[in-house]
Amino acid sequence: MKKKKVNYNYGECEICNTPMEEEFIKQDFWIRGKLIVVEDVPAGVCPKCGEKVVKADVGHSILRLIESSERIAKAPKISVPKIKFVAEEARI
Ligand SMILES: [Zn+2]
């Protein structure tokens with residue numbers, strides 16, 4: 001497995017002021033009613049509260065990737081559980 005290292009300084013968490021650590025995360029997007037998961041997105045993640053920040057240029061790159069319907073058509077598919085919201089069943 002190749003180790004990716006970007007070493008971008010994400011600064012401190014906006015919520016709890018903890019220094020952010022770089023991690024490669026999964027981000028999910030809903031595009032025309034379809035869920036698309038983008039893997040290995042470099043992001044700053046707060047080790048304390050879990051807040052995530054993505055750099056603007058990374059955000060733009062993601063948008064370009066998910067706008068490509070050809071790329072999406074070729075992408076491997078995963079299945080995800082789908083649960084209906086039923087308030088009565090959620091009661092403890
Ligand atoms: Zn935080």
# chains A, B, ... in the order shown; residues from 1 in each chain; ligands from 1

call {"tool": "residues_near_ligand", "arguments": {"ligand": "ligand 1", "cutoff": "12 Å", "atoms": "only C-alpha atoms and all ligand atoms", "output": "PyMOL selection string"}}
result
chain A and resi 10-21+44-53

call {"tool": "residues_around", "arguments": {"residues": "range 66-70 of chain A", "least_positions_apart": "2", "cutoff": "9 Å", "atoms": "only C-alpha atoms", "output": "ChimeraX atom specification"}}
result
/A:29,31,36,38,61-64,72-75

call {"tool": "write_last_selection", "arguments": {"atoms": "all heavy atoms", "output": "short mmCIF file (atom, residue, chain, number, x, y, z; two decimals), in the first residue's frame"}}
result
data_model
loop_
_atom_site.label_atom_id
_atom_site.label_comp_id
_atom_site.auth_asym_id
_atom_site.auth_seq_id
_atom_site.Cartn_x
_atom_site.Cartn_y
_atom_site.Cartn_z
N PHE A 29 -21.84 12.26 -1.60
CA PHE A 29 -22.54 13.33 -2.31
C PHE A 29 -23.80 12.74 -2.91
O PHE A 29 -23.80 11.61 -3.38
CB PHE A 29 -21.67 13.88 -3.45
CG PHE A 29 -20.38 14.47 -2.98
CD1 PHE A 29 -19.25 13.67 -2.84
CD2 PHE A 29 -20.28 15.81 -2.65
CE1 PHE A 29 -18.05 14.20 -2.39
CE2 PHE A 29 -19.08 16.35 -2.21
CZ PHE A 29 -17.97 15.55 -2.08
N ILE A 31 -26.04 13.16 -6.05
CA ILE A 31 -26.08 13.77 -7.37
C ILE A 31 -27.28 13.21 -8.11
O ILE A 31 -27.34 12.01 -8.38
CB ILE A 31 -24.78 13.47 -8.17
CG1 ILE A 31 -23.54 13.82 -7.36
CG2 ILE A 31 -24.79 14.21 -9.51
CD1 ILE A 31 -23.32 15.28 -7.08
N ILE A 36 -23.12 9.11 -4.24
CA ILE A 36 -21.77 8.86 -4.76
C ILE A 36 -20.79 9.04 -3.61
O ILE A 36 -20.85 10.04 -2.89
CB ILE A 36 -21.45 9.83 -5.91
CG1 ILE A 36 -22.39 9.55 -7.09
CG2 ILE A 36 -19.98 9.70 -6.35
CD1 ILE A 36 -22.41 10.65 -8.10
N VAL A 38 -16.85 9.39 -2.61
CA VAL A 38 -15.51 9.68 -3.10
C VAL A 38 -14.54 9.29 -1.99
O VAL A 38 -14.65 9.76 -0.86
CB VAL A 38 -15.35 11.18 -3.46
CG1 VAL A 38 -13.96 11.45 -4.02
CG2 VAL A 38 -16.42 11.61 -4.45
N SER A 61 -11.73 19.89 -7.19
CA SER A 61 -11.36 18.65 -7.88
C SER A 61 -12.45 17.61 -7.72
O SER A 61 -12.79 16.90 -8.67
CB SER A 61 -10.05 18.08 -7.31
OG SER A 61 -9.02 19.02 -7.42
N ILE A 62 -13.02 17.51 -6.52
CA ILE A 62 -14.10 16.54 -6.28
C ILE A 62 -15.29 16.85 -7.18
O ILE A 62 -15.85 15.96 -7.81
CB ILE A 62 -14.54 16.56 -4.79
CG1 ILE A 62 -13.43 16.00 -3.91
CG2 ILE A 62 -15.82 15.77 -4.60
CD1 ILE A 62 -13.67 16.19 -2.42
N LEU A 63 -15.63 18.14 -7.29
CA LEU A 63 -16.77 18.51 -8.13
C LEU A 63 -16.53 18.10 -9.58
O LEU A 63 -17.42 17.62 -10.26
CB LEU A 63 -17.03 20.01 -8.04
CG LEU A 63 -17.64 20.49 -6.72
CD1 LEU A 63 -17.85 21.98 -6.73
CD2 LEU A 63 -18.96 19.77 -6.42
N ARG A 64 -15.28 18.29 -10.05
CA ARG A 64 -14.97 17.88 -11.43
C ARG A 64 -15.11 16.37 -11.59
O ARG A 64 -15.62 15.88 -12.59
CB ARG A 64 -13.56 18.33 -11.82
CG ARG A 64 -13.53 19.78 -12.28
CD ARG A 64 -12.27 20.09 -13.07
NE ARG A 64 -11.07 19.97 -12.24
CZ ARG A 64 -10.60 20.93 -11.44
NH1 ARG A 64 -11.22 22.10 -11.38
NH2 ARG A 64 -9.52 20.74 -10.74
N ILE A 72 -18.53 8.07 -13.42
CA ILE A 72 -19.47 7.48 -12.48
C ILE A 72 -20.02 6.17 -13.02
O ILE A 72 -20.15 5.19 -12.30
CB ILE A 72 -20.59 8.50 -12.15
CG1 ILE A 72 -20.00 9.62 -11.27
CG2 ILE A 72 -21.77 7.84 -11.46
CD1 ILE A 72 -20.85 10.85 -11.15
N ALA A 73 -20.27 6.12 -14.34
CA ALA A 73 -20.78 4.89 -14.94
C ALA A 73 -19.78 3.75 -14.81
O ALA A 73 -20.17 2.59 -14.66
CB ALA A 73 -21.10 5.14 -16.42
N LYS A 74 -18.48 4.06 -14.85
CA LYS A 74 -17.44 3.03 -14.79
C LYS A 74 -17.08 2.66 -13.35
O LYS A 74 -16.37 1.70 -13.13
CB LYS A 74 -16.17 3.54 -15.48
CG LYS A 74 -16.24 3.51 -17.00
CD LYS A 74 -14.92 4.04 -17.56
CE LYS A 74 -14.96 4.16 -19.08
NZ LYS A 74 -13.82 4.98 -19.55
N ALA A 75 -17.53 3.46 -12.40
CA ALA A 75 -17.09 3.26 -11.02
C ALA A 75 -17.71 2.00 -10.43
O ALA A 75 -18.84 1.63 -10.76
CB ALA A 75 -17.49 4.47 -10.17
#

call {"tool": "closest_residue", "arguments": {"among": "A:Glu22, A:Ile92, A:Trp30, A:Val37", "to": "Ser79 in chain A", "atoms": "only C-alpha atoms"}}
result
A:Val37

call {"tool": "closest_residue", "arguments": {"among": "A:Ala90, A:Val80, A:Val41, A:Leu65", "to": "Glu23 in chain A", "atoms": "only C-alpha atoms"}}
result
A:Val41

call {"tool": "residues_around", "arguments": {"residues": "Val54 in chain A", "least_positions_apart": "2", "cutoff": "8 Å", "atoms": "only C-alpha atoms", "output": "MDAnalysis selection string"}}
result
chainID A and resid 42:44 52 56 58:59

call {"tool": "select_by_dssp", "arguments": {"residues": "range 8-74 of chain A", "states": "helix (DSSP H, G or I)", "output": "ChimeraX atom specification"}}
result
/A:56-67,69-74

call {"tool": "write_last_selection", "arguments": {"atoms": "N, CA, C and O atoms", "output": "PDB file, in the first residue's frame"}}
result
ATOM      1  N   ALA A  56     -10.152  24.236  -0.517  1.00  0.00           N
ATOM      2  CA  ALA A  56     -10.985  24.686  -1.639  1.00  0.00           C
ATOM      3  C   ALA A  56     -10.613  23.976  -2.940  1.00  0.00           C
ATOM      4  O   ALA A  56     -11.490  23.558  -3.694  1.00  0.00           O
ATOM      5  N   ASP A  57      -9.288  23.835  -3.212  1.00  0.00           N
ATOM      6  CA  ASP A  57      -8.916  23.216  -4.497  1.00  0.00           C
ATOM      7  C   ASP A  57      -9.275  21.729  -4.514  1.00  0.00           C
ATOM      8  O   ASP A  57      -9.624  21.176  -5.562  1.00  0.00           O
ATOM      9  N   VAL A  58      -9.241  21.082  -3.346  1.00  0.00           N
ATOM     10  CA  VAL A  58      -9.671  19.681  -3.273  1.00  0.00           C
ATOM     11  C   VAL A  58     -11.173  19.602  -3.544  1.00  0.00           C
ATOM     12  O   VAL A  58     -11.644  18.740  -4.291  1.00  0.00           O
ATOM     13  N   GLY A  59     -11.913  20.536  -2.962  1.00  0.00           N
ATOM     14  CA  GLY A  59     -13.355  20.596  -3.195  1.00  0.00           C
ATOM     15  C   GLY A  59     -13.688  20.756  -4.673  1.00  0.00           C
ATOM     16  O   GLY A  59     -14.583  20.095  -5.195  1.00  0.00           O
ATOM     17  N   HIS A  60     -12.929  21.616  -5.361  1.00  0.00           N
ATOM     18  CA  HIS A  60     -13.149  21.839  -6.791  1.00  0.00           C
ATOM     19  C   HIS A  60     -12.818  20.579  -7.591  1.00  0.00           C
ATOM     20  O   HIS A  60     -13.526  20.228  -8.526  1.00  0.00           O
ATOM     21  N   SER A  61     -11.729  19.889  -7.186  1.00  0.00           N
ATOM     22  CA  SER A  61     -11.360  18.652  -7.880  1.00  0.00           C
ATOM     23  C   SER A  61     -12.454  17.607  -7.723  1.00  0.00           C
ATOM     24  O   SER A  61     -12.790  16.896  -8.670  1.00  0.00           O
ATOM     25  N   ILE A  62     -13.024  17.510  -6.522  1.00  0.00           N
ATOM     26  CA  ILE A  62     -14.101  16.544  -6.279  1.00  0.00           C
ATOM     27  C   ILE A  62     -15.285  16.848  -7.185  1.00  0.00           C
ATOM     28  O   ILE A  62     -15.854  15.959  -7.809  1.00  0.00           O
ATOM     29  N   LEU A  63     -15.627  18.137  -7.295  1.00  0.00           N
ATOM     30  CA  LEU A  63     -16.766  18.509  -8.127  1.00  0.00           C
ATOM     31  C   LEU A  63     -16.526  18.099  -9.580  1.00  0.00           C
ATOM     32  O   LEU A  63     -17.424  17.616 -10.256  1.00  0.00           O
ATOM     33  N   ARG A  64     -15.284  18.286 -10.053  1.00  0.00           N
ATOM     34  CA  ARG A  64     -14.968  17.878 -11.431  1.00  0.00           C
ATOM     35  C   ARG A  64     -15.106  16.365 -11.587  1.00  0.00           C
ATOM     36  O   ARG A  64     -15.615  15.879 -12.592  1.00  0.00           O
ATOM     37  N   LEU A  65     -14.637  15.615 -10.562  1.00  0.00           N
ATOM     38  CA  LEU A  65     -14.712  14.150 -10.629  1.00  0.00           C
ATOM     39  C   LEU A  65     -16.157  13.674 -10.680  1.00  0.00           C
ATOM     40  O   LEU A  65     -16.508  12.804 -11.479  1.00  0.00           O
ATOM     41  N   ILE A  66     -17.001  14.248  -9.816  1.00  0.00           N
ATOM     42  CA  ILE A  66     -18.368  13.729  -9.734  1.00  0.00           C
ATOM     43  C   ILE A  66     -19.275  14.299 -10.814  1.00  0.00           C
ATOM     44  O   ILE A  66     -20.384  13.828 -10.995  1.00  0.00           O
ATOM     45  N   GLU A  67     -18.791  15.292 -11.552  1.00  0.00           N
ATOM     46  CA  GLU A  67     -19.567  15.794 -12.694  1.00  0.00           C
ATOM     47  C   GLU A  67     -19.397  14.909 -13.921  1.00  0.00           C
ATOM     48  O   GLU A  67     -20.142  15.034 -14.892  1.00  0.00           O
ATOM     49  N   SER A  69     -20.093  11.961 -15.807  1.00  0.00           N
ATOM     50  CA  SER A  69     -21.029  10.839 -15.777  1.00  0.00           C
ATOM     51  C   SER A  69     -20.356   9.570 -16.301  1.00  0.00           C
ATOM     52  O   SER A  69     -20.704   8.463 -15.909  1.00  0.00           O
ATOM     53  N   GLU A  70     -19.340   9.726 -17.180  1.00  0.00           N
ATOM     54  CA  GLU A  70     -18.615   8.568 -17.694  1.00  0.00           C
ATOM     55  C   GLU A  70     -17.843   7.883 -16.567  1.00  0.00           C
ATOM     56  O   GLU A  70     -17.845   6.667 -16.425  1.00  0.00           O
ATOM     57  N   ARG A  71     -17.170   8.712 -15.747  1.00  0.00           N
ATOM     58  CA  ARG A  71     -16.415   8.181 -14.619  1.00  0.00           C
ATOM     59  C   ARG A  71     -17.357   7.473 -13.641  1.00  0.00           C
ATOM     60  O   ARG A  71     -17.048   6.400 -13.139  1.00  0.00           O
ATOM     61  N   ILE A  72     -18.525   8.069 -13.418  1.00  0.00           N
ATOM     62  CA  ILE A  72     -19.472   7.484 -12.476  1.00  0.00           C
ATOM     63  C   ILE A  72     -20.016   6.172 -13.020  1.00  0.00           C
ATOM     64  O   ILE A  72     -20.151   5.194 -12.299  1.00  0.00           O
ATOM     65  N   ALA A  73     -20.265   6.119 -14.341  1.00  0.00           N
ATOM     66  CA  ALA A  73     -20.776   4.894 -14.943  1.00  0.00           C
ATOM     67  C   ALA A  73     -19.782   3.750 -14.810  1.00  0.00           C
ATOM     68  O   ALA A  73     -20.167   2.588 -14.665  1.00  0.00           O
ATOM     69  N   LYS A  74     -18.484   4.060 -14.855  1.00  0.00           N
ATOM     70  CA  LYS A  74     -17.443   3.030 -14.789  1.00  0.00           C
ATOM     71  C   LYS A  74     -17.084   2.660 -13.355  1.00  0.00           C
ATOM     72  O   LYS A  74     -16.367   1.696 -13.132  1.00  0.00           O
TER      73      LYS A  74
END

call {"tool": "select_by_dssp", "arguments": {"residues": "range 16-54 of chain A", "states": "strand (DSSP E or B)", "output": "ChimeraX atom specification"}}
result
/A:19,21-31,34-45,52-53
